[in-house]
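Structure below is target39.cif: mmCIF, N, CA and C atoms.
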data_final
#
loop_
_atom_site.label_atom_id
_atom_site.label_comp_id
_atom_site.auth_asym_id
_atom_site.auth_seq_id
_atom_site.Cartn_x
_atom_site.Cartn_y
_atom_site.Cartn_z
N MET A 1 84.80 168.31 -26.22
CA MET A 1 86.04 168.98 -26.61
C MET A 1 86.38 170.02 -25.54
N SER A 2 87.44 169.75 -24.78
CA SER A 2 87.80 170.67 -23.70
C SER A 2 88.55 171.87 -24.25
N GLY A 3 88.55 172.94 -23.49
CA GLY A 3 89.25 174.14 -23.93
C GLY A 3 90.63 174.28 -23.34
N VAL A 4 91.21 173.15 -22.91
CA VAL A 4 92.54 173.16 -22.29
C VAL A 4 93.36 172.04 -22.92
N LEU A 5 94.63 172.32 -23.19
CA LEU A 5 95.53 171.26 -23.62
C LEU A 5 96.32 170.80 -22.41
N ARG A 6 96.14 169.53 -22.01
CA ARG A 6 96.96 168.95 -20.94
C ARG A 6 98.06 168.15 -21.62
N ILE A 7 99.30 168.49 -21.32
CA ILE A 7 100.41 167.87 -22.03
C ILE A 7 101.58 167.59 -21.09
N ARG A 8 102.17 166.40 -21.25
CA ARG A 8 103.31 166.01 -20.40
C ARG A 8 104.54 166.84 -20.76
N ARG A 9 105.31 167.18 -19.73
CA ARG A 9 106.52 167.99 -19.92
C ARG A 9 107.52 167.32 -20.86
N ASP A 10 107.63 165.99 -20.81
CA ASP A 10 108.61 165.32 -21.68
C ASP A 10 108.23 165.49 -23.15
N LEU A 11 106.92 165.54 -23.44
CA LEU A 11 106.48 165.76 -24.83
C LEU A 11 106.79 167.19 -25.26
N VAL A 12 106.58 168.14 -24.34
CA VAL A 12 106.90 169.55 -24.61
C VAL A 12 108.40 169.66 -24.92
N ASP A 13 109.23 169.01 -24.10
CA ASP A 13 110.69 169.06 -24.30
C ASP A 13 111.08 168.50 -25.67
N GLN A 14 110.41 167.41 -26.09
CA GLN A 14 110.72 166.81 -27.39
C GLN A 14 110.33 167.73 -28.54
N ILE A 15 109.17 168.40 -28.41
CA ILE A 15 108.73 169.35 -29.44
C ILE A 15 109.73 170.50 -29.55
N VAL A 16 110.10 171.06 -28.39
CA VAL A 16 111.02 172.20 -28.39
C VAL A 16 112.38 171.79 -28.95
N ALA A 17 112.86 170.60 -28.59
CA ALA A 17 114.15 170.11 -29.10
C ALA A 17 114.09 169.95 -30.61
N HIS A 18 112.97 169.43 -31.14
CA HIS A 18 112.80 169.27 -32.59
C HIS A 18 112.82 170.64 -33.26
N ALA A 19 112.12 171.61 -32.67
CA ALA A 19 112.05 172.96 -33.23
C ALA A 19 113.44 173.60 -33.27
N ARG A 20 114.21 173.40 -32.20
CA ARG A 20 115.57 173.96 -32.14
C ARG A 20 116.47 173.29 -33.18
N ARG A 21 116.31 171.97 -33.32
CA ARG A 21 117.14 171.18 -34.24
C ARG A 21 116.93 171.63 -35.68
N ASP A 22 115.68 171.90 -36.06
CA ASP A 22 115.37 172.26 -37.44
C ASP A 22 115.54 173.75 -37.74
N HIS A 23 115.67 174.58 -36.71
CA HIS A 23 115.86 176.01 -36.87
C HIS A 23 117.06 176.25 -37.79
N PRO A 24 117.05 177.14 -38.77
CA PRO A 24 116.06 178.18 -39.03
C PRO A 24 114.84 177.75 -39.85
N ASP A 25 114.74 176.47 -40.24
CA ASP A 25 113.51 176.03 -40.91
C ASP A 25 112.45 175.70 -39.87
N GLU A 26 111.18 175.77 -40.27
CA GLU A 26 110.10 175.38 -39.37
C GLU A 26 110.11 173.86 -39.18
N ALA A 27 109.89 173.45 -37.96
CA ALA A 27 109.74 172.03 -37.64
C ALA A 27 108.25 171.73 -37.55
N CYS A 28 107.88 170.47 -37.76
CA CYS A 28 106.46 170.12 -37.64
C CYS A 28 106.32 168.66 -37.24
N GLY A 29 105.17 168.33 -36.68
CA GLY A 29 104.93 166.97 -36.27
C GLY A 29 103.58 166.81 -35.59
N VAL A 30 103.41 165.64 -35.00
CA VAL A 30 102.12 165.25 -34.43
C VAL A 30 102.35 164.60 -33.07
N LEU A 31 101.42 164.82 -32.15
CA LEU A 31 101.35 164.01 -30.94
C LEU A 31 100.08 163.18 -31.07
N ALA A 32 100.25 161.87 -31.08
CA ALA A 32 99.11 160.98 -31.22
C ALA A 32 98.64 160.52 -29.85
N GLY A 33 97.36 160.17 -29.78
CA GLY A 33 96.80 159.65 -28.55
C GLY A 33 95.61 158.77 -28.87
N PRO A 34 95.13 158.01 -27.87
CA PRO A 34 93.97 157.15 -28.10
C PRO A 34 92.80 157.95 -28.66
N ALA A 35 92.13 157.40 -29.67
CA ALA A 35 91.01 158.10 -30.31
C ALA A 35 89.99 158.52 -29.27
N GLY A 36 89.57 159.79 -29.33
CA GLY A 36 88.54 160.32 -28.44
C GLY A 36 89.01 160.67 -27.05
N SER A 37 90.30 160.53 -26.77
CA SER A 37 90.79 160.70 -25.39
C SER A 37 91.26 162.12 -25.09
N GLU A 38 91.64 162.88 -26.15
CA GLU A 38 92.26 164.20 -25.97
C GLU A 38 93.58 164.11 -25.22
N ARG A 39 94.19 162.90 -25.16
CA ARG A 39 95.43 162.71 -24.40
C ARG A 39 96.61 162.51 -25.33
N PRO A 40 97.46 163.52 -25.50
CA PRO A 40 98.64 163.33 -26.34
C PRO A 40 99.63 162.40 -25.64
N GLU A 41 100.04 161.33 -26.32
CA GLU A 41 100.92 160.36 -25.68
C GLU A 41 102.15 160.01 -26.49
N ARG A 42 102.06 160.12 -27.82
CA ARG A 42 103.16 159.63 -28.66
C ARG A 42 103.69 160.75 -29.54
N PHE A 43 105.01 160.98 -29.45
CA PHE A 43 105.69 162.04 -30.19
C PHE A 43 106.07 161.52 -31.57
N ILE A 44 105.62 162.22 -32.63
CA ILE A 44 105.91 161.81 -34.00
C ILE A 44 106.43 163.01 -34.78
N PRO A 45 107.77 163.18 -34.81
CA PRO A 45 108.31 164.29 -35.61
C PRO A 45 108.11 163.99 -37.09
N MET A 46 107.74 164.99 -37.85
CA MET A 46 107.51 164.81 -39.29
C MET A 46 108.54 165.65 -40.04
N LEU A 47 108.68 165.33 -41.30
CA LEU A 47 109.56 166.09 -42.17
C LEU A 47 108.82 167.31 -42.69
N ASN A 48 109.44 168.48 -42.61
CA ASN A 48 108.85 169.65 -43.26
C ASN A 48 109.24 169.57 -44.73
N ALA A 49 108.31 169.11 -45.56
CA ALA A 49 108.59 168.92 -46.98
C ALA A 49 108.91 170.23 -47.67
N ALA A 50 108.44 171.35 -47.10
CA ALA A 50 108.72 172.67 -47.68
C ALA A 50 110.15 173.13 -47.37
N ARG A 51 110.74 172.55 -46.33
CA ARG A 51 112.08 172.95 -45.86
C ARG A 51 112.24 174.47 -45.89
N SER A 52 111.31 175.13 -45.22
CA SER A 52 111.22 176.59 -45.30
C SER A 52 111.25 177.22 -43.92
N PRO A 53 111.84 178.41 -43.80
CA PRO A 53 111.81 179.12 -42.52
C PRO A 53 110.48 179.83 -42.27
N THR A 54 109.57 179.83 -43.25
CA THR A 54 108.32 180.58 -43.08
C THR A 54 107.08 179.75 -43.32
N PHE A 55 107.23 178.46 -43.56
CA PHE A 55 106.08 177.65 -43.98
C PHE A 55 106.37 176.18 -43.68
N TYR A 56 105.33 175.45 -43.30
CA TYR A 56 105.55 174.00 -43.13
C TYR A 56 104.52 173.24 -43.94
N GLU A 57 104.90 172.04 -44.30
CA GLU A 57 104.02 171.17 -45.08
C GLU A 57 104.45 169.74 -44.80
N PHE A 58 103.51 168.91 -44.36
CA PHE A 58 103.84 167.50 -44.16
C PHE A 58 104.13 166.86 -45.52
N ASP A 59 105.09 165.96 -45.55
CA ASP A 59 105.34 165.19 -46.76
C ASP A 59 104.12 164.29 -47.00
N PRO A 60 103.49 164.38 -48.18
CA PRO A 60 102.24 163.63 -48.41
C PRO A 60 102.38 162.12 -48.18
N ALA A 61 103.47 161.52 -48.60
CA ALA A 61 103.65 160.07 -48.41
C ALA A 61 103.79 159.73 -46.93
N GLU A 62 104.58 160.54 -46.20
CA GLU A 62 104.77 160.32 -44.77
C GLU A 62 103.45 160.54 -44.02
N ASP A 63 102.68 161.54 -44.45
CA ASP A 63 101.40 161.85 -43.81
C ASP A 63 100.40 160.71 -44.03
N PHE A 64 100.40 160.15 -45.23
CA PHE A 64 99.50 159.04 -45.55
C PHE A 64 99.86 157.81 -44.71
N LYS A 65 101.17 157.55 -44.59
CA LYS A 65 101.64 156.43 -43.77
C LYS A 65 101.20 156.63 -42.32
N LEU A 66 101.35 157.85 -41.81
CA LEU A 66 100.93 158.16 -40.45
C LEU A 66 99.43 157.93 -40.28
N HIS A 67 98.65 158.40 -41.24
CA HIS A 67 97.19 158.23 -41.21
C HIS A 67 96.83 156.74 -41.05
N ARG A 68 97.46 155.88 -41.84
CA ARG A 68 97.18 154.43 -41.78
C ARG A 68 97.62 153.84 -40.44
N GLU A 69 98.76 154.30 -39.94
CA GLU A 69 99.29 153.82 -38.66
C GLU A 69 98.36 154.20 -37.51
N LEU A 70 97.88 155.45 -37.51
CA LEU A 70 96.98 155.91 -36.45
C LEU A 70 95.68 155.11 -36.49
N GLU A 71 95.16 154.89 -37.69
CA GLU A 71 93.94 154.11 -37.85
C GLU A 71 94.12 152.70 -37.30
N ALA A 72 95.24 152.08 -37.62
CA ALA A 72 95.52 150.71 -37.18
C ALA A 72 95.64 150.63 -35.65
N ASN A 73 96.15 151.70 -35.03
CA ASN A 73 96.35 151.72 -33.56
C ASN A 73 95.17 152.31 -32.81
N ASP A 74 94.09 152.66 -33.51
CA ASP A 74 92.95 153.35 -32.91
C ASP A 74 93.42 154.62 -32.18
N GLU A 75 94.28 155.36 -32.87
CA GLU A 75 94.79 156.62 -32.35
C GLU A 75 94.34 157.75 -33.27
N GLU A 76 94.52 158.99 -32.78
CA GLU A 76 94.24 160.15 -33.62
C GLU A 76 95.28 161.23 -33.36
N ARG A 77 95.27 162.25 -34.23
CA ARG A 77 96.15 163.40 -34.05
C ARG A 77 95.55 164.27 -32.96
N VAL A 78 96.11 164.22 -31.77
CA VAL A 78 95.61 165.04 -30.67
C VAL A 78 96.22 166.44 -30.78
N VAL A 79 97.51 166.48 -31.12
CA VAL A 79 98.22 167.74 -31.29
C VAL A 79 98.90 167.74 -32.65
N ILE A 80 98.79 168.85 -33.37
CA ILE A 80 99.59 169.08 -34.57
C ILE A 80 100.46 170.28 -34.24
N TYR A 81 101.77 170.08 -34.29
CA TYR A 81 102.65 171.18 -33.87
C TYR A 81 103.54 171.64 -35.01
N HIS A 82 103.94 172.90 -34.93
CA HIS A 82 105.01 173.39 -35.79
C HIS A 82 105.64 174.61 -35.13
N SER A 83 106.77 175.02 -35.68
CA SER A 83 107.49 176.13 -35.08
C SER A 83 107.46 177.35 -35.98
N HIS A 84 107.56 178.50 -35.34
CA HIS A 84 107.80 179.75 -36.04
C HIS A 84 109.20 180.18 -35.62
N THR A 85 110.04 180.48 -36.60
CA THR A 85 111.45 180.71 -36.28
C THR A 85 111.78 182.19 -36.10
N ALA A 86 110.94 183.07 -36.62
CA ALA A 86 111.25 184.50 -36.53
C ALA A 86 110.10 185.33 -36.01
N THR A 87 108.96 184.70 -35.76
CA THR A 87 107.77 185.44 -35.33
C THR A 87 107.17 184.78 -34.09
N GLU A 88 106.15 185.42 -33.53
CA GLU A 88 105.51 184.88 -32.33
C GLU A 88 104.78 183.57 -32.63
N ALA A 89 104.44 182.86 -31.57
CA ALA A 89 103.75 181.59 -31.69
C ALA A 89 102.25 181.84 -31.88
N TYR A 90 101.90 182.32 -33.07
CA TYR A 90 100.51 182.58 -33.40
C TYR A 90 100.28 182.12 -34.84
N PRO A 91 99.15 181.46 -35.12
CA PRO A 91 98.94 180.89 -36.46
C PRO A 91 98.93 181.96 -37.56
N SER A 92 99.64 181.68 -38.63
CA SER A 92 99.64 182.57 -39.80
C SER A 92 98.40 182.28 -40.64
N ARG A 93 98.15 183.12 -41.61
CA ARG A 93 97.02 182.88 -42.53
C ARG A 93 97.16 181.53 -43.21
N THR A 94 98.39 181.18 -43.61
CA THR A 94 98.64 179.88 -44.25
C THR A 94 98.35 178.74 -43.28
N ASP A 95 98.78 178.89 -42.02
CA ASP A 95 98.51 177.86 -41.01
C ASP A 95 97.02 177.60 -40.90
N VAL A 96 96.25 178.68 -40.88
CA VAL A 96 94.80 178.57 -40.75
C VAL A 96 94.21 177.86 -41.98
N LYS A 97 94.72 178.22 -43.15
CA LYS A 97 94.21 177.65 -44.40
C LYS A 97 94.44 176.14 -44.47
N ILE A 98 95.58 175.65 -43.94
CA ILE A 98 95.88 174.22 -44.06
C ILE A 98 95.43 173.41 -42.83
N ALA A 99 94.81 174.09 -41.86
CA ALA A 99 94.37 173.39 -40.64
C ALA A 99 93.14 172.53 -40.95
N GLY A 100 93.36 171.23 -41.13
CA GLY A 100 92.27 170.36 -41.57
C GLY A 100 91.71 169.44 -40.50
N TYR A 101 92.10 169.62 -39.25
CA TYR A 101 91.65 168.73 -38.17
C TYR A 101 90.99 169.56 -37.08
N PRO A 102 89.68 169.80 -37.17
CA PRO A 102 89.00 170.69 -36.20
C PRO A 102 89.07 170.20 -34.76
N ASP A 103 89.30 168.89 -34.54
CA ASP A 103 89.38 168.39 -33.16
C ASP A 103 90.77 168.46 -32.57
N ALA A 104 91.76 168.80 -33.40
CA ALA A 104 93.15 168.80 -32.92
C ALA A 104 93.49 170.10 -32.20
N HIS A 105 94.48 170.00 -31.32
CA HIS A 105 95.10 171.17 -30.72
C HIS A 105 96.24 171.55 -31.64
N TYR A 106 96.29 172.79 -32.07
CA TYR A 106 97.39 173.27 -32.90
C TYR A 106 98.39 173.98 -32.01
N VAL A 107 99.55 173.37 -31.82
CA VAL A 107 100.58 173.93 -30.95
C VAL A 107 101.61 174.65 -31.79
N LEU A 108 101.95 175.85 -31.35
CA LEU A 108 103.02 176.62 -32.00
C LEU A 108 104.12 176.91 -31.00
N VAL A 109 105.34 176.71 -31.45
CA VAL A 109 106.52 177.02 -30.65
C VAL A 109 107.32 178.07 -31.41
N SER A 110 107.64 179.17 -30.74
CA SER A 110 108.49 180.16 -31.39
C SER A 110 109.92 179.98 -30.90
N THR A 111 110.85 179.87 -31.87
CA THR A 111 112.27 179.71 -31.54
C THR A 111 113.06 180.97 -31.92
N ARG A 112 112.36 182.10 -32.02
CA ARG A 112 113.06 183.33 -32.46
C ARG A 112 114.08 183.79 -31.42
N ASP A 113 113.85 183.49 -30.14
CA ASP A 113 114.80 183.84 -29.08
C ASP A 113 115.62 182.59 -28.76
N PRO A 114 116.95 182.65 -28.93
CA PRO A 114 117.77 181.44 -28.71
C PRO A 114 117.77 180.95 -27.26
N ASP A 115 117.41 181.80 -26.31
CA ASP A 115 117.49 181.41 -24.90
C ASP A 115 116.16 181.00 -24.28
N SER A 116 115.06 181.29 -24.97
CA SER A 116 113.77 180.90 -24.42
C SER A 116 112.84 180.57 -25.58
N HIS A 117 111.72 179.97 -25.27
CA HIS A 117 110.76 179.66 -26.33
C HIS A 117 109.35 180.01 -25.85
N GLU A 118 108.50 180.21 -26.81
CA GLU A 118 107.09 180.47 -26.55
C GLU A 118 106.35 179.20 -26.96
N PHE A 119 105.43 178.70 -26.12
CA PHE A 119 104.70 177.47 -26.40
C PHE A 119 103.21 177.76 -26.20
N ARG A 120 102.44 177.78 -27.31
CA ARG A 120 101.02 178.15 -27.20
C ARG A 120 100.17 177.17 -27.99
N SER A 121 98.91 177.05 -27.58
CA SER A 121 98.01 176.10 -28.22
C SER A 121 96.73 176.79 -28.68
N TYR A 122 96.21 176.32 -29.82
CA TYR A 122 95.02 176.92 -30.43
C TYR A 122 94.09 175.82 -30.94
N ARG A 123 92.82 176.19 -31.05
CA ARG A 123 91.88 175.41 -31.86
C ARG A 123 91.68 176.24 -33.12
N ILE A 124 91.65 175.56 -34.26
CA ILE A 124 91.38 176.25 -35.52
C ILE A 124 90.23 175.52 -36.20
N VAL A 125 89.06 176.16 -36.18
CA VAL A 125 87.84 175.54 -36.73
C VAL A 125 87.20 176.53 -37.69
N ASP A 126 86.99 176.07 -38.92
CA ASP A 126 86.37 176.92 -39.95
C ASP A 126 87.04 178.29 -40.05
N GLY A 127 88.36 178.30 -40.02
CA GLY A 127 89.09 179.56 -40.17
C GLY A 127 89.15 180.42 -38.93
N GLU A 128 88.51 179.97 -37.86
CA GLU A 128 88.45 180.73 -36.61
C GLU A 128 89.53 180.22 -35.64
N ILE A 129 90.36 181.15 -35.14
CA ILE A 129 91.45 180.80 -34.22
C ILE A 129 91.02 181.10 -32.79
N THR A 130 91.14 180.11 -31.90
CA THR A 130 90.86 180.32 -30.49
C THR A 130 92.05 179.83 -29.68
N GLU A 131 92.69 180.74 -28.96
CA GLU A 131 93.80 180.29 -28.10
C GLU A 131 93.22 179.59 -26.88
N GLU A 132 93.93 178.57 -26.39
CA GLU A 132 93.47 177.84 -25.21
C GLU A 132 94.62 177.72 -24.22
N PRO A 133 94.29 177.60 -22.93
CA PRO A 133 95.36 177.45 -21.93
C PRO A 133 96.05 176.10 -22.10
N VAL A 134 97.32 176.06 -21.69
CA VAL A 134 98.11 174.82 -21.71
C VAL A 134 98.44 174.46 -20.28
N GLU A 135 98.16 173.21 -19.92
CA GLU A 135 98.46 172.71 -18.58
C GLU A 135 99.58 171.69 -18.70
N PHE A 136 100.72 171.97 -18.09
CA PHE A 136 101.86 171.05 -18.17
C PHE A 136 101.77 170.05 -17.02
N VAL A 137 101.85 168.78 -17.35
CA VAL A 137 101.76 167.73 -16.32
C VAL A 137 103.00 166.84 -16.40
N ASP A 138 103.30 166.17 -15.28
CA ASP A 138 104.50 165.30 -15.26
C ASP A 138 104.16 163.88 -15.67
#

Rewrite the structure from the file as structure tokens, please.
Amino acid sequence: MSGVLRIRRDLVDQIVAHARRDHPDEACGVLAGPAGSERPERFIPMLNAARSPTFYEFDPAEDFKLHRELEANDEERVVIYHSHTATEAYPSRTDVKIAGYPDAHYVLVSTRDPDSHEFRSYRIVDGEITEEPVEFVD
């Protein structure tokens, strides 16, 4: 498990666009990649079932469908992303509580500033938050 998230710029752009589109509600989704590779390759925007500006929740049926699809493709959730619309890109207590994938990179995008965004990545394991560097690749 590396301490760096390497992510393609086009995937970053898609995440940021999704976050802007759903603003003022939080956006959420997954970047899938080959199991064990740590390589995010596929952008999967999800529905925020909470439809809330302060909280996100995957729709259980959509999440279950995604789980089966990833299994069938021998893929895994490399990145789980969501946006914060009024606060910095740092995991909230609720984010930590619902973080159920210790191997995933948890990406947060803050859209509180209409002209710029904050893009940060964390590992969340057993309630412990560790920020990690992000390396943007083409």

The PyMOL selection byres ((chain A and resi 41) around 8) on the file shown: which residues, as an mmCIF file with N, CA and C atoms, in the frame of the given file?
data_model
loop_
_atom_site.group_PDB
_atom_site.id
_atom_site.type_symbol
_atom_site.label_atom_id
_atom_site.label_comp_id
_atom_site.auth_asym_id
_atom_site.auth_seq_id
_atom_site.Cartn_x
_atom_site.Cartn_y
_atom_site.Cartn_z
ATOM 1 N N ILE A 7 99.300 168.490 -21.320
ATOM 2 C CA ILE A 7 100.410 167.870 -22.030
ATOM 3 C C ILE A 7 101.580 167.590 -21.090
ATOM 4 N N ARG A 8 102.170 166.400 -21.250
ATOM 5 C CA ARG A 8 103.310 166.010 -20.400
ATOM 6 C C ARG A 8 104.540 166.840 -20.760
ATOM 7 N N LEU A 11 106.920 165.540 -23.440
ATOM 8 C CA LEU A 11 106.480 165.760 -24.830
ATOM 9 C C LEU A 11 106.790 167.190 -25.260
ATOM 10 N N VAL A 30 103.410 165.640 -35.000
ATOM 11 C CA VAL A 30 102.120 165.250 -34.430
ATOM 12 C C VAL A 30 102.350 164.600 -33.070
ATOM 13 N N LEU A 31 101.420 164.820 -32.150
ATOM 14 C CA LEU A 31 101.350 164.010 -30.940
ATOM 15 C C LEU A 31 100.080 163.180 -31.070
ATOM 16 N N ALA A 32 100.250 161.870 -31.080
ATOM 17 C CA ALA A 32 99.110 160.980 -31.220
ATOM 18 C C ALA A 32 98.640 160.520 -29.850
ATOM 19 N N GLY A 33 97.360 160.170 -29.780
ATOM 20 C CA GLY A 33 96.800 159.650 -28.550
ATOM 21 C C GLY A 33 95.610 158.770 -28.870
ATOM 22 N N PRO A 34 95.130 158.010 -27.870
ATOM 23 C CA PRO A 34 93.970 157.150 -28.100
ATOM 24 C C PRO A 34 92.800 157.950 -28.660
ATOM 25 N N GLU A 38 91.640 162.880 -26.150
ATOM 26 C CA GLU A 38 92.260 164.200 -25.970
ATOM 27 C C GLU A 38 93.580 164.110 -25.220
ATOM 28 N N ARG A 39 94.190 162.900 -25.160
ATOM 29 C CA ARG A 39 95.430 162.710 -24.400
ATOM 30 C C ARG A 39 96.610 162.510 -25.330
ATOM 31 N N PRO A 40 97.460 163.520 -25.500
ATOM 32 C CA PRO A 40 98.640 163.330 -26.340
ATOM 33 C C PRO A 40 99.630 162.400 -25.640
ATOM 34 N N ARG A 42 102.060 160.120 -27.820
ATOM 35 C CA ARG A 42 103.160 159.630 -28.660
ATOM 36 C C ARG A 42 103.690 160.750 -29.540
ATOM 37 N N PHE A 43 105.010 160.980 -29.450
ATOM 38 C CA PHE A 43 105.690 162.040 -30.190
ATOM 39 C C PHE A 43 106.070 161.520 -31.570
ATOM 40 N N ILE A 44 105.620 162.220 -32.630
ATOM 41 C CA ILE A 44 105.910 161.810 -34.000
ATOM 42 C C ILE A 44 106.430 163.010 -34.780
ATOM 43 N N VAL A 78 96.110 164.220 -31.770
ATOM 44 C CA VAL A 78 95.610 165.040 -30.670
ATOM 45 C C VAL A 78 96.220 166.440 -30.780
ATOM 46 N N VAL A 79 97.510 166.480 -31.120
ATOM 47 C CA VAL A 79 98.220 167.740 -31.290
ATOM 48 C C VAL A 79 98.900 167.740 -32.650
#

Using backbone DSSP assignments, extract all helix (DSSP H, G or I) residues from chain A; output them as a PyMOL selection string.
-> chain A and resi 9-22+60-72+93-98

Spatial neighbours of region 87-91 of chain A, max dist 6 Å, only N, CA and C atoms, sep filter under 5 positions, as a ChimeraX atom specification | /A:96,108-110,112,118,120

Next, dump the selected residues to file, keeping only N, CA and C atoms, as a CSV table (one decimal), in the frame of the given file.
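Final file, out_10.csv:
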chain,number,residue,atom,x,y,z
A,96,VAL,N,96.2,178.7,-40.9
A,96,VAL,CA,94.8,178.6,-40.8
A,96,VAL,C,94.2,177.9,-42.0
A,108,LEU,N,102.0,175.8,-31.4
A,108,LEU,CA,103.0,176.6,-32.0
A,108,LEU,C,104.1,176.9,-31.0
A,109,VAL,N,105.3,176.7,-31.4
A,109,VAL,CA,106.5,177.0,-30.6
A,109,VAL,C,107.3,178.1,-31.4
A,110,SER,N,107.6,179.2,-30.7
A,110,SER,CA,108.5,180.2,-31.4
A,110,SER,C,109.9,180.0,-30.9
A,112,ARG,N,112.4,182.1,-32.0
A,112,ARG,CA,113.1,183.3,-32.5
A,112,ARG,C,114.1,183.8,-31.4
A,118,GLU,N,108.5,180.2,-26.8
A,118,GLU,CA,107.1,180.5,-26.6
A,118,GLU,C,106.4,179.2,-27.0
A,120,ARG,N,102.4,177.8,-27.3
A,120,ARG,CA,101.0,178.2,-27.2
A,120,ARG,C,100.2,177.2,-28.0

Assign secondary structure with DSSP using the backbone only, and return the residues of region 1-71 of chain A in strand (DSSP E or B) as a PyMOL selection string.
-> chain A and resi 5-8+28-34+42-46+48+58

Name the residues that the PyMOL selection byres (((chain A and resi 46-61 and name CA) around 9) and name CA) pulls out of this structure, and write them as a PyMOL selection string.
-> chain A and resi 23-30+44-45+62-66+82-86+94-95+98

Since we have the selection now, will you write its residues out, keeping N, CA and C atoms, as an mmCIF file, in the frame of the given file?
data_model
loop_
_atom_site.group_PDB
_atom_site.id
_atom_site.type_symbol
_atom_site.label_atom_id
_atom_site.label_comp_id
_atom_site.auth_asym_id
_atom_site.auth_seq_id
_atom_site.Cartn_x
_atom_site.Cartn_y
_atom_site.Cartn_z
ATOM 1 N N HIS A 23 115.670 174.580 -36.710
ATOM 2 C CA HIS A 23 115.860 176.010 -36.870
ATOM 3 C C HIS A 23 117.060 176.250 -37.790
ATOM 4 N N PRO A 24 117.050 177.140 -38.770
ATOM 5 C CA PRO A 24 116.060 178.180 -39.030
ATOM 6 C C PRO A 24 114.840 177.750 -39.850
ATOM 7 N N ASP A 25 114.740 176.470 -40.240
ATOM 8 C CA ASP A 25 113.510 176.030 -40.910
ATOM 9 C C ASP A 25 112.450 175.700 -39.870
ATOM 10 N N GLU A 26 111.180 175.770 -40.270
ATOM 11 C CA GLU A 26 110.100 175.380 -39.370
ATOM 12 C C GLU A 26 110.110 173.860 -39.180
ATOM 13 N N ALA A 27 109.890 173.450 -37.960
ATOM 14 C CA ALA A 27 109.740 172.030 -37.640
ATOM 15 C C ALA A 27 108.250 171.730 -37.550
ATOM 16 N N CYS A 28 107.880 170.470 -37.760
ATOM 17 C CA CYS A 28 106.460 170.120 -37.640
ATOM 18 C C CYS A 28 106.320 168.660 -37.240
ATOM 19 N N GLY A 29 105.170 168.330 -36.680
ATOM 20 C CA GLY A 29 104.930 166.970 -36.270
ATOM 21 C C GLY A 29 103.580 166.810 -35.590
ATOM 22 N N VAL A 30 103.410 165.640 -35.000
ATOM 23 C CA VAL A 30 102.120 165.250 -34.430
ATOM 24 C C VAL A 30 102.350 164.600 -33.070
ATOM 25 N N ILE A 44 105.620 162.220 -32.630
ATOM 26 C CA ILE A 44 105.910 161.810 -34.000
ATOM 27 C C ILE A 44 106.430 163.010 -34.780
ATOM 28 N N PRO A 45 107.770 163.180 -34.810
ATOM 29 C CA PRO A 45 108.310 164.290 -35.610
ATOM 30 C C PRO A 45 108.110 163.990 -37.090
ATOM 31 N N GLU A 62 104.580 160.540 -46.200
ATOM 32 C CA GLU A 62 104.770 160.320 -44.770
ATOM 33 C C GLU A 62 103.450 160.540 -44.020
ATOM 34 N N ASP A 63 102.680 161.540 -44.450
ATOM 35 C CA ASP A 63 101.400 161.850 -43.810
ATOM 36 C C ASP A 63 100.400 160.710 -44.030
ATOM 37 N N PHE A 64 100.400 160.150 -45.230
ATOM 38 C CA PHE A 64 99.500 159.040 -45.550
ATOM 39 C C PHE A 64 99.860 157.810 -44.710
ATOM 40 N N LYS A 65 101.170 157.550 -44.590
ATOM 41 C CA LYS A 65 101.640 156.430 -43.770
ATOM 42 C C LYS A 65 101.200 156.630 -42.320
ATOM 43 N N LEU A 66 101.350 157.850 -41.810
ATOM 44 C CA LEU A 66 100.930 158.160 -40.450
ATOM 45 C C LEU A 66 99.430 157.930 -40.280
ATOM 46 N N HIS A 82 103.940 172.900 -34.930
ATOM 47 C CA HIS A 82 105.010 173.390 -35.790
ATOM 48 C C HIS A 82 105.640 174.610 -35.130
ATOM 49 N N SER A 83 106.770 175.020 -35.680
ATOM 50 C CA SER A 83 107.490 176.130 -35.080
ATOM 51 C C SER A 83 107.460 177.350 -35.980
ATOM 52 N N HIS A 84 107.560 178.500 -35.340
ATOM 53 C CA HIS A 84 107.800 179.750 -36.040
ATOM 54 C C HIS A 84 109.200 180.180 -35.620
ATOM 55 N N THR A 85 110.040 180.480 -36.600
ATOM 56 C CA THR A 85 111.450 180.710 -36.280
ATOM 57 C C THR A 85 111.780 182.190 -36.100
ATOM 58 N N ALA A 86 110.940 183.070 -36.620
ATOM 59 C CA ALA A 86 111.250 184.500 -36.530
ATOM 60 C C ALA A 86 110.100 185.330 -36.010
ATOM 61 N N THR A 94 98.390 181.180 -43.610
ATOM 62 C CA THR A 94 98.640 179.880 -44.250
ATOM 63 C C THR A 94 98.350 178.740 -43.280
ATOM 64 N N ASP A 95 98.780 178.890 -42.020
ATOM 65 C CA ASP A 95 98.510 177.860 -41.010
ATOM 66 C C ASP A 95 97.020 177.600 -40.900
ATOM 67 N N ILE A 98 95.580 175.650 -43.940
ATOM 68 C CA ILE A 98 95.880 174.220 -44.060
ATOM 69 C C ILE A 98 95.430 173.410 -42.830
#

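Distances to Pro133 (chain A) were evaluated for A:Val12, A:His105, A:Asp113, A:Leu5 using all atoms listed in the file, and the minimum falls at A:Leu5.
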
Of the candidates A:Val137, A:Ile124, A:Ile129, A:Ile80, which shows the shortest atom-to-atom distance to Val107 (chain A), using only N, CA and C atoms?
-> A:Ile80

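A straight line drawn from atom C of Asn73 (chain A) to atom N of Ala35 (chain A) is 6.7 Å long.
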
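For the pair atom N of Val125 (chain A) and CA of Pro102 (chain A), the separation is 5.5 Å.
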
When you draw a straight line from CA of Glu75 (chain A) to CA of Arg9 (chain A), how long is it in Å?
-> 20.5 Å

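Each of A:Asp138, A:Val16, A:Asp103, A:Ser37 was compared to Tyr81 (chain A) using only C-alpha atoms, and A:Val16 turns out to be the nearest.
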
Run the PyMOL selection byres ((chain A and resi 132) around 6) mentally over the shown coordinates, then write out the matched residues as a ChimeraX atom specification, using the chain letters and numbers from the document.
-> /A:3-5,121-123,130-131,133-134
